[in-house]
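final_6.cif (mmCIF, C-alpha atoms)
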data_work
#
loop_
_atom_site.label_atom_id
_atom_site.label_comp_id
_atom_site.auth_asym_id
_atom_site.auth_seq_id
_atom_site.Cartn_x
_atom_site.Cartn_y
_atom_site.Cartn_z
CA MET W 1 98.61 102.76 121.60
CA THR W 2 97.43 106.12 122.77
CA SER W 3 93.86 105.47 123.74
CA ASP W 4 91.68 103.10 125.72
CA ASN W 5 88.85 103.59 123.24
CA PRO W 6 88.68 100.45 121.08
CA ARG W 7 87.60 102.50 118.10
CA ASP W 8 90.65 104.76 118.36
CA GLN W 9 92.91 101.76 118.96
CA LEU W 10 91.66 100.08 115.80
CA SER W 11 92.06 103.32 113.84
CA ASP W 12 95.65 103.59 115.09
CA LEU W 13 96.37 100.04 114.01
CA ILE W 14 94.92 100.58 110.53
CA LEU W 15 96.93 103.77 110.09
CA ARG W 16 100.10 101.94 111.15
CA VAL W 17 99.27 99.14 108.71
CA ALA W 18 99.08 101.80 106.00
CA LEU W 19 102.69 102.58 106.91
CA ARG W 20 103.54 98.92 106.34
CA ASP W 21 103.91 98.15 110.03
CA ARG W 22 103.76 94.37 110.28
CA VAL W 23 103.47 94.33 114.06
CA ALA W 24 100.38 96.51 113.76
CA PHE W 25 99.07 94.18 111.07
CA ASP W 26 99.48 91.18 113.39
CA MET W 27 97.72 93.06 116.19
CA LEU W 28 94.90 94.10 113.88
CA TYR W 29 94.53 90.50 112.76
CA GLY W 30 94.44 89.35 116.37
CA ALA W 31 91.80 91.92 117.27
CA THR W 32 89.49 91.54 114.29
CA SER W 33 90.00 88.23 112.48
CA ALA W 34 87.34 86.32 114.45
CA LYS W 35 84.71 88.92 113.56
CA LEU W 36 85.73 89.11 109.90
CA PHE W 37 85.87 85.31 109.68
CA GLY W 38 82.38 85.18 111.21
CA THR W 39 81.29 87.64 108.53
CA CYS W 40 82.70 85.53 105.70
CA LEU W 41 81.34 82.35 107.27
CA ARG W 42 77.80 83.68 107.53
CA VAL W 43 77.78 84.77 103.89
CA LEU W 44 79.59 81.77 102.43
CA LYS W 45 78.40 79.03 104.80
CA ASP W 46 81.49 77.02 103.97
CA ARG W 47 84.36 76.94 106.43
CA ALA W 48 87.18 76.15 104.01
CA GLU W 49 86.04 78.79 101.55
CA ALA W 50 85.61 81.36 104.32
CA GLU W 51 89.14 80.62 105.57
CA GLU W 52 90.48 81.34 102.11
CA VAL W 53 88.39 84.46 101.64
CA VAL W 54 89.36 85.90 105.02
CA GLN W 55 93.01 85.72 103.90
CA GLU W 56 92.16 87.69 100.78
CA VAL W 57 90.32 90.17 102.98
CA TYR W 58 93.45 90.80 105.06
CA ILE W 59 95.56 91.10 101.92
CA LYS W 60 93.12 93.77 100.79
CA ILE W 61 93.31 95.47 104.17
CA TRP W 62 97.12 95.47 103.97
CA LEU W 63 97.02 96.96 100.48
CA ARG W 64 94.22 99.46 101.09
CA ALA W 65 94.79 100.60 104.66
CA ASP W 66 95.86 104.01 103.37
CA ARG W 67 92.32 104.62 102.12
CA PHE W 68 90.73 104.11 105.51
CA SER W 69 91.25 107.61 106.84
CA VAL W 70 89.46 109.28 103.94
CA THR W 71 86.23 107.29 104.30
CA GLY W 72 85.20 108.78 107.63
CA GLN W 73 83.85 105.38 108.63
CA SER W 74 84.33 103.75 111.98
CA PRO W 75 87.20 101.26 111.74
CA MET W 76 85.09 98.19 112.47
CA SER W 77 82.43 99.07 109.91
CA TRP W 78 85.19 99.73 107.35
CA LEU W 79 86.79 96.34 108.03
CA ILE W 80 83.48 94.49 108.01
CA ALA W 81 82.49 96.19 104.75
CA ILE W 82 85.66 94.87 103.09
CA ALA W 83 85.00 91.36 104.40
CA ARG W 84 81.30 91.39 103.55
CA HIS W 85 81.74 92.66 100.01
CA HIS W 86 84.58 90.26 99.33
CA ALA W 87 82.59 87.31 100.64
CA ILE W 88 79.57 88.35 98.55
CA ASP W 89 81.77 88.63 95.44
CA ARG W 90 82.98 85.09 96.11
CA LEU W 91 79.42 83.90 96.65
CA ARG W 92 78.37 85.34 93.27
CA ALA W 93 81.38 83.84 91.52
CA ARG W 94 80.62 80.46 93.07
CA ARG W 95 77.03 80.55 91.87
CA GLU W 96 78.05 81.68 88.44
CA ALA W 97 80.45 78.75 88.25
CA ALA W 98 77.65 76.43 89.38
CA GLY W 99 75.43 77.77 86.60
CA GLY W 100 72.87 79.74 88.53
CA MET W 101 71.46 79.94 91.99
CA ASP W 102 72.52 77.32 94.45
CA GLU W 103 69.95 75.59 96.56
CA ALA W 104 70.89 77.42 99.71
CA ALA W 105 69.47 80.57 98.17
CA LEU W 106 66.05 79.06 97.86
CA THR W 107 65.73 77.71 101.36
CA ILE W 108 64.03 79.85 103.93
CA ARG W 109 66.44 80.91 106.61
CA ASP W 110 65.96 82.69 109.85
CA PRO W 111 67.18 86.17 109.01
CA ALA W 112 67.20 87.27 112.63
CA PRO W 113 70.59 88.55 113.74
CA GLY W 114 72.56 86.62 116.33
CA PRO W 115 72.55 87.35 120.04
CA GLU W 116 75.98 88.92 120.19
CA ALA W 117 75.82 92.60 121.03
CA SER W 118 78.28 95.21 122.16
CA ALA W 119 77.25 97.84 124.65
CA MET W 120 78.66 100.64 122.52
CA ALA W 121 76.52 99.87 119.50
CA ALA W 122 73.41 98.79 121.38
CA GLY W 123 71.66 102.12 120.98
CA GLU W 124 72.27 102.30 117.24
CA ARG W 125 71.30 98.69 116.92
CA ARG W 126 67.99 99.30 118.68
CA LYS W 127 67.34 102.29 116.47
CA LEU W 128 68.00 100.40 113.24
CA ASP W 129 65.96 97.43 114.46
CA GLY W 130 63.14 99.81 115.30
CA CYS W 131 63.27 101.29 111.79
CA LEU W 132 63.39 97.83 110.20
CA GLY W 133 60.36 97.04 112.35
CA GLU W 134 58.46 99.86 110.67
CA LEU W 135 58.84 98.12 107.30
CA GLU W 136 56.55 95.32 106.15
CA ALA W 137 57.93 92.11 107.64
CA ASP W 138 58.85 90.51 104.31
CA ARG W 139 60.71 93.64 103.20
CA ALA W 140 62.65 93.90 106.43
CA ASP W 141 63.52 90.22 106.04
CA ALA W 142 64.75 90.90 102.49
CA VAL W 143 66.98 93.76 103.69
CA ARG W 144 68.43 91.58 106.47
CA ALA W 145 68.94 88.60 104.15
CA ALA W 146 70.77 90.76 101.60
CA TYR W 147 73.00 92.28 104.28
CA LEU W 148 73.66 89.23 106.43
CA GLU W 149 73.43 86.31 104.02
CA GLY W 150 74.61 88.07 100.88
CA ASP W 151 71.40 87.25 99.04
CA SER W 152 71.14 88.87 95.61
CA TYR W 153 68.02 90.56 94.27
CA ALA W 154 67.53 87.47 92.11
CA ASP W 155 67.74 85.16 95.14
CA LEU W 156 65.28 87.29 97.05
CA ALA W 157 62.88 87.62 94.12
CA ALA W 158 62.83 83.83 93.78
CA ARG W 159 62.36 83.29 97.51
CA HIS W 160 59.55 85.80 97.84
CA ASP W 161 58.09 84.78 94.49
CA VAL W 162 58.01 88.28 93.00
CA PRO W 163 59.52 89.62 89.76
CA LEU W 164 63.12 90.85 89.98
CA ASN W 165 62.14 94.47 89.36
CA THR W 166 59.53 94.32 92.07
CA MET W 167 62.16 93.08 94.52
CA ARG W 168 64.50 95.88 93.53
CA THR W 169 61.72 98.41 94.05
CA TRP W 170 60.92 96.88 97.44
CA LEU W 171 64.49 97.21 98.56
CA ARG W 172 65.02 100.71 97.20
CA ARG W 173 61.86 101.94 98.92
CA SER W 174 62.84 100.12 102.09
CA LEU W 175 66.26 101.80 102.06
CA ILE W 176 64.72 105.24 101.58
CA ARG W 177 62.33 104.61 104.46
CA LEU W 178 65.15 103.32 106.64
CA LYS W 179 67.17 106.46 106.03
CA GLU W 180 64.20 108.70 106.78
CA CYS W 181 63.44 106.75 109.94
CA LEU W 182 67.05 106.88 111.15
CA GLN W 183 67.15 110.64 110.60
CA ARG W 184 64.07 111.25 112.74
CA MET P 1 70.23 121.35 84.76
CA SER P 2 67.51 122.48 87.16
CA ASP P 3 67.64 122.08 90.92
CA THR P 4 65.04 119.36 90.65
CA ASP P 5 67.30 117.38 88.34
CA LEU P 6 70.18 117.82 90.76
CA ASP P 7 67.97 116.60 93.60
CA LYS P 8 66.94 113.64 91.51
CA ASP P 9 70.57 112.85 90.72
CA PHE P 10 71.49 113.07 94.34
CA THR P 11 68.70 110.74 95.36
CA GLU P 12 69.58 108.29 92.62
CA ASP P 13 73.24 108.29 93.65
CA ASP P 14 72.28 107.94 97.28
CA LEU P 15 70.08 104.98 96.40
CA LEU P 16 72.79 103.40 94.28
CA ALA P 17 75.19 103.81 97.19
CA ALA P 18 72.66 102.11 99.48
CA GLU P 19 72.16 99.29 96.99
CA PHE P 20 75.90 98.85 96.63
CA VAL P 21 76.22 98.50 100.39
CA LEU P 22 73.39 95.98 100.51
CA GLY P 23 75.25 94.09 97.78
CA GLY P 24 72.29 92.56 95.96
CA LEU P 25 72.85 93.95 92.48
CA PRO P 26 74.26 91.73 89.74
CA ALA P 27 78.01 91.19 90.16
CA SER P 28 78.90 93.35 87.16
CA ASP P 29 76.88 96.29 88.53
CA GLN P 30 78.51 95.88 91.94
CA ALA P 31 81.93 95.90 90.25
CA ASP P 32 81.05 99.06 88.28
CA LEU P 33 79.99 100.82 91.46
CA ALA P 34 83.13 99.65 93.27
CA ARG P 35 85.18 101.30 90.53
CA ARG P 36 83.12 104.45 90.81
CA ILE P 37 83.93 104.65 94.52
CA GLU P 38 87.61 104.90 93.61
CA ARG P 39 87.24 107.91 91.34
CA ASP P 40 84.17 109.69 92.71
CA ALA P 41 84.81 111.02 96.20
CA ARG P 42 81.24 112.27 96.63
CA PHE P 43 79.84 108.84 95.78
CA ALA P 44 82.43 107.21 98.06
CA ARG P 45 81.17 109.39 100.89
CA LEU P 46 77.56 108.31 100.23
CA VAL P 47 78.67 104.67 100.33
CA ALA P 48 80.60 105.20 103.57
CA ASP P 49 77.51 106.82 105.11
CA TRP P 50 75.40 103.83 104.15
CA GLU P 51 78.00 101.36 105.44
CA GLU P 52 77.84 103.19 108.75
CA ARG P 53 74.05 103.43 108.71
CA LEU P 54 73.51 99.70 108.15
CA SER P 55 76.47 98.56 110.26
CA PRO P 56 74.40 97.76 113.38
CA MET P 57 73.12 94.75 111.43
CA ALA P 58 76.70 93.45 111.37
CA GLU P 59 76.20 92.37 114.97
CA GLY P 60 74.57 89.38 113.33
CA PHE P 61 78.03 88.26 112.23
CA ILE P 62 79.09 85.99 115.08
CA PRO P 63 82.86 85.91 115.67
CA ALA P 64 84.43 82.55 114.93
CA ASP P 65 87.96 81.44 115.74
CA LEU P 66 90.39 80.81 112.92
CA PRO P 67 92.97 78.03 112.99
CA PRO P 68 96.55 79.39 113.32
CA ALA P 69 97.39 77.82 109.96
CA VAL P 70 95.29 80.51 108.28
CA LYS P 71 97.51 83.30 109.62
CA ARG P 72 100.63 81.39 108.54
CA ALA P 73 99.20 80.96 105.05
CA LEU P 74 98.29 84.67 104.96
CA ASP P 75 101.81 85.71 105.96
CA LEU P 76 103.18 83.46 103.29
CA ARG P 77 100.96 85.02 100.65
CA LEU P 78 101.58 88.59 101.77
CA PHE P 79 105.19 88.57 102.81
CA GLY P 80 106.51 85.56 100.97
CA LYS P 81 108.08 84.01 104.03
CA ALA P 82 108.42 80.59 102.52
CA PRO P 83 110.00 77.92 104.73
CA GLU P 84 112.78 77.37 102.22
CA ARG P 85 114.13 78.94 99.07
CA GLN P 86 112.58 77.50 96.01
CA GLY P 87 113.03 77.84 92.30
CA ILE P 88 111.81 81.01 90.70
CA TRP P 89 108.63 79.76 89.10
CA SER P 90 107.33 77.81 92.07
CA SER P 91 107.97 80.83 94.26
CA LEU P 92 106.11 83.05 91.88
CA ALA P 93 103.18 80.73 92.32
CA LEU P 94 103.23 81.57 96.01
CA TRP P 95 102.84 85.27 95.66
CA ARG P 96 100.78 85.56 92.55
CA GLY P 97 97.69 85.20 94.71
CA VAL P 98 98.43 88.65 96.09
CA ALA P 99 97.20 90.25 92.93
CA GLY P 100 95.05 87.41 91.76
CA LEU P 101 97.19 87.11 88.66
CA ALA P 102 96.67 83.43 88.13
CA THR P 103 98.94 83.35 85.14
CA ALA P 104 101.63 85.66 86.46
CA ALA P 105 104.54 83.27 86.02
CA PHE P 106 103.51 82.46 82.51
CA LEU P 107 103.01 86.12 81.60
CA LEU P 108 106.32 87.09 83.12
CA ALA P 109 108.06 84.40 81.09
CA VAL P 110 106.36 85.58 77.93
CA ALA P 111 106.92 89.26 78.58
CA LEU P 112 110.58 88.81 79.46
CA PRO P 113 111.86 86.01 77.27
CA GLY P 114 115.47 86.92 77.98
CA LEU P 115 115.05 86.22 81.64
CA ARG P 116 116.64 83.08 83.03
CA PRO P 117 117.10 82.23 86.67
CA LEU P 118 120.74 82.65 87.63
CA PRO P 119 122.50 80.41 90.13
CA THR P 120 123.38 83.23 92.49
CA GLY P 121 122.15 86.68 93.37
CA ASP P 122 119.10 87.96 95.20
CA ARG P 123 115.94 88.16 93.25
CA LEU P 124 112.96 90.19 94.32
CA ALA P 125 109.59 90.47 92.71
CA ALA P 126 106.55 92.64 93.16
CA SER P 127 103.12 92.64 91.66
CA LEU P 128 102.04 96.25 91.14
CA THR P 129 98.31 96.88 91.18
CA ALA P 130 95.91 99.33 92.75
CA ALA P 131 92.19 99.26 93.25
CA GLY P 132 90.46 101.54 90.79
CA SER P 133 93.37 101.43 88.36
CA SER P 134 93.71 99.12 85.39
CA VAL P 135 97.49 99.48 85.35
CA THR P 136 99.24 96.26 86.37
CA TYR P 137 102.92 95.43 86.19
CA LEU P 138 105.09 92.62 87.43
CA VAL P 139 108.46 93.75 88.69
CA LEU P 140 111.52 91.57 88.91
CA TYR P 141 114.80 92.80 90.36
CA ASP P 142 118.00 90.86 90.02
CA SER P 143 120.96 92.00 92.10
CA VAL P 144 123.41 90.31 89.72
CA THR P 145 122.33 92.19 86.61
CA GLY P 146 121.33 95.19 88.71
CA SER P 147 118.27 95.86 86.64
CA VAL P 148 114.58 96.09 87.27
CA SER P 149 112.49 94.23 84.72
CA LEU P 150 108.96 95.49 84.32
CA ALA P 151 106.44 93.22 82.66
CA HIS P 152 103.42 95.21 81.54
CA MET P 153 100.26 93.21 82.26
CA SER P 154 97.47 95.67 81.68
CA GLY P 155 96.58 99.35 81.53
CA ASP P 156 96.91 101.90 78.77
CA PRO P 157 99.14 104.98 78.62
CA VAL P 158 97.48 108.28 79.53
CA GLU P 159 97.80 110.96 76.88
CA GLY P 160 100.00 113.84 77.90
CA ARG P 161 101.16 112.15 81.10
CA ASP P 162 104.10 109.94 81.99
CA PHE P 163 104.42 106.86 84.20
CA GLN P 164 107.10 107.22 86.86
CA LEU P 165 108.58 104.34 88.86
CA TRP P 166 109.31 104.69 92.58
CA ILE P 167 110.72 102.68 95.42
CA ALA P 168 110.15 103.39 99.10
CA ARG P 169 111.04 101.68 102.33
CA GLY P 170 108.29 101.67 104.93
CA ALA P 171 106.97 105.16 105.41
CA GLU P 172 110.09 106.85 104.06
CA ALA P 173 109.91 109.22 101.12
CA PRO P 174 109.89 107.41 97.77
CA VAL P 175 112.96 107.53 95.54
CA SER P 176 112.47 107.82 91.79
CA LEU P 177 113.77 105.25 89.33
CA GLY P 178 112.72 107.55 86.55
CA VAL P 179 110.03 107.82 83.94
CA ILE P 180 109.21 104.54 82.22
CA PRO P 181 107.68 104.02 78.79
CA ALA P 182 103.96 103.71 79.56
CA GLY P 183 102.06 100.56 78.76
CA VAL P 184 104.93 98.35 77.59
CA SER P 185 107.38 95.92 79.18
CA THR P 186 110.76 97.42 79.84
CA ARG P 187 113.97 97.21 81.82
CA VAL P 188 115.31 99.89 84.11
CA PRO P 189 119.00 99.74 85.04
CA VAL P 190 119.70 100.49 88.68
CA THR P 191 122.89 102.48 88.82
CA SER P 192 122.42 104.38 92.04
CA ASP P 193 123.82 102.81 95.22
CA GLN P 194 121.01 104.44 97.17
CA ILE P 195 118.41 102.56 95.15
CA ARG P 196 120.37 99.30 95.24
CA ALA P 197 120.41 99.55 99.02
CA LEU P 198 116.66 100.08 99.01
CA MET P 199 116.04 96.90 97.04
CA THR P 200 114.96 94.68 99.92
CA THR P 201 111.76 93.06 101.09
CA ALA P 202 111.29 96.05 103.41
CA ALA P 203 110.51 98.19 100.38
CA HIS P 204 107.59 98.58 98.03
CA MET P 205 107.52 99.88 94.49
CA ALA P 206 104.93 102.06 92.86
CA ILE P 207 104.05 103.72 89.57
CA SER P 208 102.51 107.17 89.63
CA LEU P 209 100.99 109.32 86.91
CA GLU P 210 103.08 112.44 86.39
CA PRO P 211 103.42 115.42 84.07
CA PRO P 212 105.50 114.82 80.93
CA GLY P 213 109.12 114.25 81.90
CA GLY P 214 108.28 113.17 85.41
CA SER P 215 107.43 114.71 88.74
CA PRO P 216 108.69 118.29 89.02
CA THR P 217 109.10 117.97 92.79
CA GLY P 218 111.12 114.76 93.09
CA GLN P 219 108.20 113.18 94.92
CA PRO P 220 105.06 111.60 93.44
CA THR P 221 102.52 114.29 92.56
CA GLY P 222 99.92 112.30 90.66
CA PRO P 223 97.72 109.33 91.53
CA VAL P 224 99.41 106.02 92.28
CA LEU P 225 98.49 103.73 89.40
CA ALA P 226 99.97 100.57 90.87
CA VAL P 227 101.86 99.59 94.01
CA GLY P 228 103.22 96.39 95.52
CA ASP P 229 105.63 95.04 98.11
CA LEU P 230 108.94 93.55 97.07
CA LEU P 231 109.03 89.89 97.92
CA GLU P 232 111.92 87.45 97.88
CA ILE P 233 111.62 84.77 95.26
#

As C-alpha cells:
Amino acid sequence: MTSDNPRDQLSDLILRVALRDRVAFDMLYGATSAKLFGTCLRVLKDRAEAEEVVQEVYIKIWLRADRFSVTGQSPMSWLIAIARHHAIDRLRARREAAGGMDEAALTIRDPAPGPEASAMAAGERRKLDGCLGELEADRADAVRAAYLEGDSYADLAARHDVPLNTMRTWLRRSLIRLKECLQR
Amino acid sequence: MSDTDLDKDFTEDDLLAAEFVLGGLPASDQADLARRIERDARFARLVADWEERLSPMAEGFIPADLPPAVKRALDLRLFGKAPERQGIWSSLALWRGVAGLATAAFLLAVALPGLRPLPTGDRLAASLTAAGSSVTYLVLYDSVTGSVSLAHMSGDPVEGRDFQLWIARGAEAPVSLGVIPAGVSTRVPVTSDQIRALMTTAAHMAISLEPPGGSPTGQPTGPVLAVGDLLEI
C-alpha cells in the first residue's frame, strides 16, 4: 500500500486483483463488501438473493479487474456500478420469471437516499442533489428510484400513471438537464 | 454526414450511455448496450462519465454486513477450494457457476465422449469466457494423459484469423500451447515440460485472436476471446 488516500488504496487493490493476487482480493472484499452488499440489498430487497448476487459481483470483479484502469472511473464508483447493474439484471430476471412486474414495483417508496455520507463526496453529493432539486419533483423521484431501487421505465410508468414513452422522455430530458446543471 | 448529424449522434450516444447507467431500459436493450461498451471505447467512456456523474446518489446504498459464510462460498466458487476431493462431475457442479454455464458438466460429457475419470492423476479444469466475447470453451487437463481437452461451447471462428491457446501463471508472460482449430472441440497434447509445470491452480488459460499461423511475437497480440483460472476438480 503506497498511499493513505482511500481512493488510491482501492485502485491499488483492484490492479493487484487484475494480477490474480488473492491477498489483494481478500483485502478488497474486506474493504468494499458491506457497501456492495448494501447496494444489492437495496435493489433486490431480499437478503438471501442479495447474498448470492454479491458473490457473483465479486466473481465479476475478479474476472474483470484488468478493465478497471481503462475506464477512468473512481474505484468505488466502478465497483458500485458492477454491483448495481448485476443486481438490476437479477431483478429483471426475477420479474420475468414471475411473469411481469412484482408488487414491490407498484408500491410507493421513499426514494430519499439514506443518511450515510462521506466527507470526501459531500460536495459532489450536494451538487447533484441541488441539480435533482431543479427538476420537477416527480421526475427527480423517478431518476432516484431508477438509480437506487432499480426501477425500470415500465415500473416507473405504471407508478406515475403515464405511458412508457412519456416516462422515457421524462428521464431522458431529466438526464440532459442534470448534465447541464452539473456542468454549470 | 454533416456536423449537425455528428452532434446529434453524439447526443444520442451520450443519452443512451446515461440511460444505460440509470438501468431502466428493457433487459435486452441493457444487454445490447453492455456489449457495446466492450467494443466501443468512446461509448464506454461516455458510460464511465455518467457512472461518475450519478455516483453521489450511491450514498443511498447503506453498507450492510455479510455473514462470513458468504466469503467462504465465494472462495469455493472462484478458487474451487472444496473441503474434500470429490468425483469429477460433482466438482464440476461447484465451479460451473463461475461462468454461469448451468449445463457445463453435461456439455463437457457430450463434447468429449472419450473422457472418463481415471483413478489417479491430477485433473484441472477451467471455464474460458470473456465479457464482450461469445467464445466459450471448457478446458480439462489430465496429468496422466498429458493432454488438454477443449470443449467448444460457443463462438464462431473469425475469418482470416486463428485462435491461439495460452497458459500463464499469475502476472508472468503467457506461454503458447499453439494455434487451435477455431470453433470446434479438440485436444492439445502437452509435450513441453515447461507447460506441464505451469499446469497448476496458480495458472490461468486464455484464447486470443491472432494472425493466421499464430502470434508472430510469441506473446498474445490480439484480443483475448476467453480466459479462465485453472481449478482442481

Val139 of chain P environment, 7 Å, all atoms listed in the file, sequence neighbours closer than 3 positions dropped, as a compact mmCIF listing (two decimals) with C-alpha atoms, in the coordinates of the input:
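So the final result, stored in part_28.txt, reads:
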# COMPACT_ATOMS: atom_id res chain seq x y z
CA ALA P 125 109.59 90.47 92.71
CA ALA P 126 106.55 92.64 93.16
CA SER P 127 103.12 92.64 91.66
CA VAL P 148 114.58 96.09 87.27
CA SER P 149 112.49 94.23 84.72
CA LEU P 150 108.96 95.49 84.32
CA ALA P 151 106.44 93.22 82.66

>> Excluding Pro67 of chain P and its own-chain neighbours fewer than 3 positions away, which residues fall within 9 Å of it when counting only C-alpha atoms? Please give them as a VMD selection string.
In response: (chain W and resid 51) or (chain P and resid 70 to 71)

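Residue membership of the PyMOL selection byres ((chain P and resi 184) around 12) in the shown file amounts to Ala111, Leu112, Val135, Thr136, Tyr137, Leu138, Ser149, Leu150, Ala151, His152, Met153, Ser154, Gly155, Asp156, Pro157, Phe163, Ile180, Pro181, Ala182, Gly183, Ser185, Thr186 and Arg187 of chain P.
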
>> Tell me which residues come within 9 Å of (95.0, 76.9, 103.5), as a VMD selection string, counting all atoms listed in the file in the file's coordinates.
In response: (chain W and resid 48 51 to 52) or (chain P and resid 69 to 70 72 to 74)

> Got a sec to resolve the PyMOL selection byres ((chain W and resi 53-60) around 8) on this structure and send the residues as a count of residues only?
Replying inline: 24

>> Neighbouring residues of Arg67 of chain W were defined as those with any atom within 12 Å, considering only C-alpha atoms; residues of the same chain fewer than 6 positions away were excluded. Please report them as number ranges by chain.
In response: W: 11, 14-15, 17-19, 60-61, 73, 75, 78-79, 82; P: 37-38, 41, 44, 48, 130-132

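Proximity to Leu171 of chain W was assessed for W:Asp12, W:Glu124, W:Asp141, W:Asp21 counting all atoms listed in the file; the smallest distance is recorded for W:Asp141.
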
> the PyMOL selection byres ((chain W and resi 169) around 12) on the file shown: which residues, as a list of chain:residue names?
Replying inline: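 Written out, the selection comes to W:Arg139, W:Ala142, W:Val143, W:Tyr153, W:Ala157, W:Val162, W:Pro163, W:Leu164, W:Asn165, W:Thr166, W:Met167, W:Arg168, W:Trp170, W:Leu171, W:Arg172, W:Arg173, W:Ser174, W:Leu175, W:Ile176, P:Leu15, P:Glu19.
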
Would you write out those residues with C-alpha atoms, as a PDB file, in the frame of the given file?
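Output contents, as saved in part-v4.pdb:
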ATOM      1  CA  ARG W 139      60.710  93.640 103.200  1.00  0.00           C
ATOM      2  CA  ALA W 142      64.750  90.900 102.490  1.00  0.00           C
ATOM      3  CA  VAL W 143      66.980  93.760 103.690  1.00  0.00           C
ATOM      4  CA  TYR W 153      68.020  90.560  94.270  1.00  0.00           C
ATOM      5  CA  ALA W 157      62.880  87.620  94.120  1.00  0.00           C
ATOM      6  CA  VAL W 162      58.010  88.280  93.000  1.00  0.00           C
ATOM      7  CA  PRO W 163      59.520  89.620  89.760  1.00  0.00           C
ATOM      8  CA  LEU W 164      63.120  90.850  89.980  1.00  0.00           C
ATOM      9  CA  ASN W 165      62.140  94.470  89.360  1.00  0.00           C
ATOM     10  CA  THR W 166      59.530  94.320  92.070  1.00  0.00           C
ATOM     11  CA  MET W 167      62.160  93.080  94.520  1.00  0.00           C
ATOM     12  CA  ARG W 168      64.500  95.880  93.530  1.00  0.00           C
ATOM     13  CA  TRP W 170      60.920  96.880  97.440  1.00  0.00           C
ATOM     14  CA  LEU W 171      64.490  97.210  98.560  1.00  0.00           C
ATOM     15  CA  ARG W 172      65.020 100.710  97.200  1.00  0.00           C
ATOM     16  CA  ARG W 173      61.860 101.940  98.920  1.00  0.00           C
ATOM     17  CA  SER W 174      62.840 100.120 102.090  1.00  0.00           C
ATOM     18  CA  LEU W 175      66.260 101.800 102.060  1.00  0.00           C
ATOM     19  CA  ILE W 176      64.720 105.240 101.580  1.00  0.00           C
TER      20      ILE W 176
ATOM     21  CA  LEU P  15      70.080 104.980  96.400  1.00  0.00           C
ATOM     22  CA  GLU P  19      72.160  99.290  96.990  1.00  0.00           C
TER      23      GLU P  19
END

With a distance cut-off of 12 Å and only C-alpha atoms, select the neighbouring residues of Pro211 of chain P, excluding the residue or stretch itself and same-chain residues fewer than 2 positions from it, and output the selection as a CSV table (one decimal) with C-alpha atoms, in the frame of the given file.
chain,number,residue,atom,x,y,z
P,158,VAL,CA,97.5,108.3,79.5
P,159,GLU,CA,97.8,111.0,76.9
P,160,GLY,CA,100.0,113.8,77.9
P,161,ARG,CA,101.2,112.2,81.1
P,162,ASP,CA,104.1,109.9,82.0
P,163,PHE,CA,104.4,106.9,84.2
P,164,GLN,CA,107.1,107.2,86.9
P,179,VAL,CA,110.0,107.8,83.9
P,208,SER,CA,102.5,107.2,89.6
P,209,LEU,CA,101.0,109.3,86.9
P,213,GLY,CA,109.1,114.2,81.9
P,214,GLY,CA,108.3,113.2,85.4
P,215,SER,CA,107.4,114.7,88.7
P,216,PRO,CA,108.7,118.3,89.0
P,217,THR,CA,109.1,118.0,92.8
P,218,GLY,CA,111.1,114.8,93.1
P,220,PRO,CA,105.1,111.6,93.4
P,221,THR,CA,102.5,114.3,92.6
P,222,GLY,CA,99.9,112.3,90.7
P,223,PRO,CA,97.7,109.3,91.5

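Going from atom CA of Glu96 of chain W over to atom CA of Ala146 of chain W, you cover 17.6 Å.
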
>> as JSON, numbers by chain, please: the residues near Val227 of chain P (cut-off 8 Å, all atoms listed in the file, same-chain neighbours under 4 positions excluded).
In response: {"P": [127, 128, 129, 130, 204, 205, 206, 207]}

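Pairwise distance (atom CA of Leu140 of chain P, atom CA of Val188 of chain P) equals 10.3 Å.
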
Once 3 Å is added on each side, what centre and edge lengths in Å to one decimal does the axis-aligned box around all listed atoms of segment 151-157 of chain W have, as JSON?
{"center_x": 67.1, "center_y": 87.9, "center_z": 95.6, "size_x": 14.5, "size_y": 11.4, "size_z": 12.9}

> Suppose you want the space between atom CA of Leu124 of chain P and atom CA of Glu210 of chain P; what is it in Å?
Replying inline: 25.6 Å

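Residues lying at most 6 Å from (107.7, 96.5, 100.5) in file coordinates, with all atoms listed in the file considered, are Thr201, Ala202, Ala203, His204, Asp229 and Leu230 of chain P.
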
Output file for the selection above: C-alpha atoms, as a tab-separated table (two decimals), in the frame of the given file:
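Writing done, so here's result.tsv:
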chain	number	residue	atom	x	y	z
P	201	THR	CA	111.76	93.06	101.09
P	202	ALA	CA	111.29	96.05	103.41
P	203	ALA	CA	110.51	98.19	100.38
P	204	HIS	CA	107.59	98.58	98.03
P	229	ASP	CA	105.63	95.04	98.11
P	230	LEU	CA	108.94	93.55	97.07

> With only C-alpha atoms as the basis for distance, which of W:Ala97, W:Ala24, W:Leu10, W:Leu41 is at the shortest distance from chain P?
Replying inline: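 The answer is W:Leu41, which sits nearest to chain P.
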